[in-house]
Amino acid sequence: MSSPLNHSLISPALADAINLQVGREFEASLQYVSIAAWFEGESLPELAAFFYRQADEERMHAMKFVRYVTDTGGKLRIGALAAPQADFASAEEAVTAALAWEIDVTRHINAIMDIALQERDHIAGQFLQWFVAEQREEVSSMSTLRDVIRRAGPQGLLFVEDYLARRAPAAGSGPAEPAA
Ligand SMILES: [Fe+2]
Ligand SMILES: [Fe+2]
């Protein structure tokens with residue numbers, strides 16, 4: 001818009017917001033790798049596998065936003081990433097932290113959608129709908145996992161492993177869950 005050669009389909013405000021979100025999705029990916037490794041250290045392989053799958057999904061989310069920025073002629077600027085938390089007091093604490101991050105991400109996705117709506121940017125709105133649906137799934141599945149861990153209790157984590165092993169191949173962890 002500033003230059004006659006600039007035919008960008010993305011506003012500076014939306015580009016800034018999506019660039020920040022690219023960083024958050026990569027941070028989430030690193031955080032879930034870190035949680036998965038923590039579960040491996042606890043000899044809980046199904047919980048580890050669940051979080052490795054989530055980490056792959058978060059990287060895929062980041063790349064969807066990257067693709068959107070480049071497709072619309074925006075400038076990709078990935079900021080500094082925060083180091084992931086490595087230590088957790090318990091399985092419940094690790095999964096509760098993951099649930100808190102998903103709720104936080106949902107708030108950010110909603111805020112990005114607000115910008116698209118204010119700008120009447122229907123291209124962005126259509127793109128962001130996928131993430132709105134994805135966040136409903138992610139918050140729901142993480143909340144269920146947290147509840148299952150609470151019900152099992154610290155001595156009953158093998159029940160959680162069994163629960164995950166039984167449901168892993170089924171749908172329910174997101175619209176575009178990659179194969180494990
Ligand atoms: Fe995500
Ligand atoms: Fe997520």
# chains A, B, ... in the order shown; residues from 1 in each chain; ligands from 1
$ residues_near_ligand --ligand "ligand 2" --cutoff "6 Å" --atoms "only C-alpha atoms and all ligand atoms" --output "PDB file with N, CA, C and O atoms, in the first residue's frame"
ATOM      1  N   GLU A  58       1.891 -28.556  16.238  1.00  0.00           N
ATOM      2  CA  GLU A  58       2.179 -27.131  16.451  1.00  0.00           C
ATOM      3  C   GLU A  58       3.139 -26.602  15.380  1.00  0.00           C
ATOM      4  O   GLU A  58       2.992 -25.478  14.912  1.00  0.00           O
ATOM      5  N   GLU A 102      -2.841 -23.768  25.650  1.00  0.00           N
ATOM      6  CA  GLU A 102      -3.862 -23.878  24.596  1.00  0.00           C
ATOM      7  C   GLU A 102      -4.933 -22.802  24.771  1.00  0.00           C
ATOM      8  O   GLU A 102      -5.421 -22.243  23.794  1.00  0.00           O
ATOM      9  N   GLU A 138      -8.355 -28.697  20.403  1.00  0.00           N
ATOM     10  CA  GLU A 138      -7.143 -28.816  21.219  1.00  0.00           C
ATOM     11  C   GLU A 138      -7.446 -28.564  22.698  1.00  0.00           C
ATOM     12  O   GLU A 138      -6.939 -29.282  23.554  1.00  0.00           O
TER      13      GLU A 138
END
$ residues_near_ligand --ligand "ligand 1" --cutoff "7 Å" --atoms "only C-alpha atoms and all ligand atoms" --output "ChimeraX atom specification"
/A:25,28,57-58,61
$ closest_residue --among "A:Arg167, A:Arg120, A:Lys64, A:Arg59" --to "Val33 of chain A" --atoms "only C-alpha atoms"
A:Arg59
$ closest_residue --among "A:Trp38, A:Tyr32, A:Phe159, A:Trp101" --to "Gln135 of chain A" --atoms "only C-alpha atoms"
A:Trp101
$ residues_around --residues "Leu20 of chain A" --least-positions-apart "5" --cutoff "12 Å" --atoms "only C-alpha atoms" --output "PyMOL selection string"
chain A and resi 13-15+25-27+62+65-66+69+76-81+105+108-109+111-112
$ atom_distance --atom1 "atom CA of Ala124 of chain A" --atom2 "atom CA of Thr106 of chain A"
16.4 Å
$ closest_residue --among "A:Lys75, A:Arg166, A:Ser140, A:Phe127" --to "Glu46 of chain A" --atoms "only C-alpha atoms"
A:Arg166
$ select_by_dssp --residues "segment 19-131 of chain A" --states "alpha helix (DSSP H)" --output "ChimeraX atom specification"
/A:19-41,45-71,91-118,122-131
$ atom_distance --atom1 "atom CA of Asp16 of chain A" --atom2 "atom CA of Glu134 of chain A"
21.6 Å
$ decode --residues "segment 38-51 of chain A" --atoms "N, CA and C atoms" --output "JSON list (two decimals), in the first residue's frame"
[["chain", "number", "residue", "atom", "x", "y", "z"],
["A", 38, "TRP", "N", 10.11, -35.09, 29.03],
["A", 38, "TRP", "CA", 9.93, -35.26, 30.48],
["A", 38, "TRP", "C", 9.17, -36.56, 30.76],
["A", 39, "PHE", "N", 8.10, -36.82, 29.98],
["A", 39, "PHE", "CA", 7.34, -38.07, 30.17],
["A", 39, "PHE", "C", 8.19, -39.29, 29.83],
["A", 40, "GLU", "N", 9.06, -39.18, 28.85],
["A", 40, "GLU", "CA", 9.97, -40.30, 28.56],
["A", 40, "GLU", "C", 10.84, -40.58, 29.78],
["A", 41, "GLY", "N", 11.31, -39.51, 30.42],
["A", 41, "GLY", "CA", 12.12, -39.66, 31.62],
["A", 41, "GLY", "C", 11.36, -40.33, 32.76],
["A", 42, "GLU", "N", 10.03, -40.17, 32.75],
["A", 42, "GLU", "CA", 9.18, -40.80, 33.76],
["A", 42, "GLU", "C", 8.74, -42.20, 33.35],
["A", 43, "SER", "N", 9.25, -42.70, 32.21],
["A", 43, "SER", "CA", 8.85, -44.02, 31.67],
["A", 43, "SER", "C", 7.36, -44.11, 31.43],
["A", 44, "LEU", "N", 6.81, -43.07, 30.80],
["A", 44, "LEU", "CA", 5.39, -43.05, 30.43],
["A", 44, "LEU", "C", 5.30, -42.80, 28.92],
["A", 45, "PRO", "N", 5.52, -43.89, 28.13],
["A", 45, "PRO", "CA", 5.72, -43.72, 26.68],
["A", 45, "PRO", "C", 4.49, -43.22, 25.93],
["A", 46, "GLU", "N", 3.29, -43.59, 26.39],
["A", 46, "GLU", "CA", 2.10, -43.12, 25.65],
["A", 46, "GLU", "C", 1.90, -41.62, 25.85],
["A", 47, "LEU", "N", 2.12, -41.14, 27.06],
["A", 47, "LEU", "CA", 2.04, -39.69, 27.29],
["A", 47, "LEU", "C", 3.12, -38.98, 26.47],
["A", 48, "ALA", "N", 4.32, -39.57, 26.42],
["A", 48, "ALA", "CA", 5.39, -38.97, 25.61],
["A", 48, "ALA", "C", 4.96, -38.92, 24.14],
["A", 49, "ALA", "N", 4.41, -40.01, 23.63],
["A", 49, "ALA", "CA", 4.00, -40.06, 22.21],
["A", 49, "ALA", "C", 2.90, -39.03, 21.94],
["A", 50, "PHE", "N", 1.97, -38.88, 22.88],
["A", 50, "PHE", "CA", 0.90, -37.89, 22.72],
["A", 50, "PHE", "C", 1.50, -36.50, 22.52],
["A", 51, "PHE", "N", 2.50, -36.16, 23.36],
["A", 51, "PHE", "CA", 3.07, -34.81, 23.26],
["A", 51, "PHE", "C", 4.01, -34.66, 22.06]]
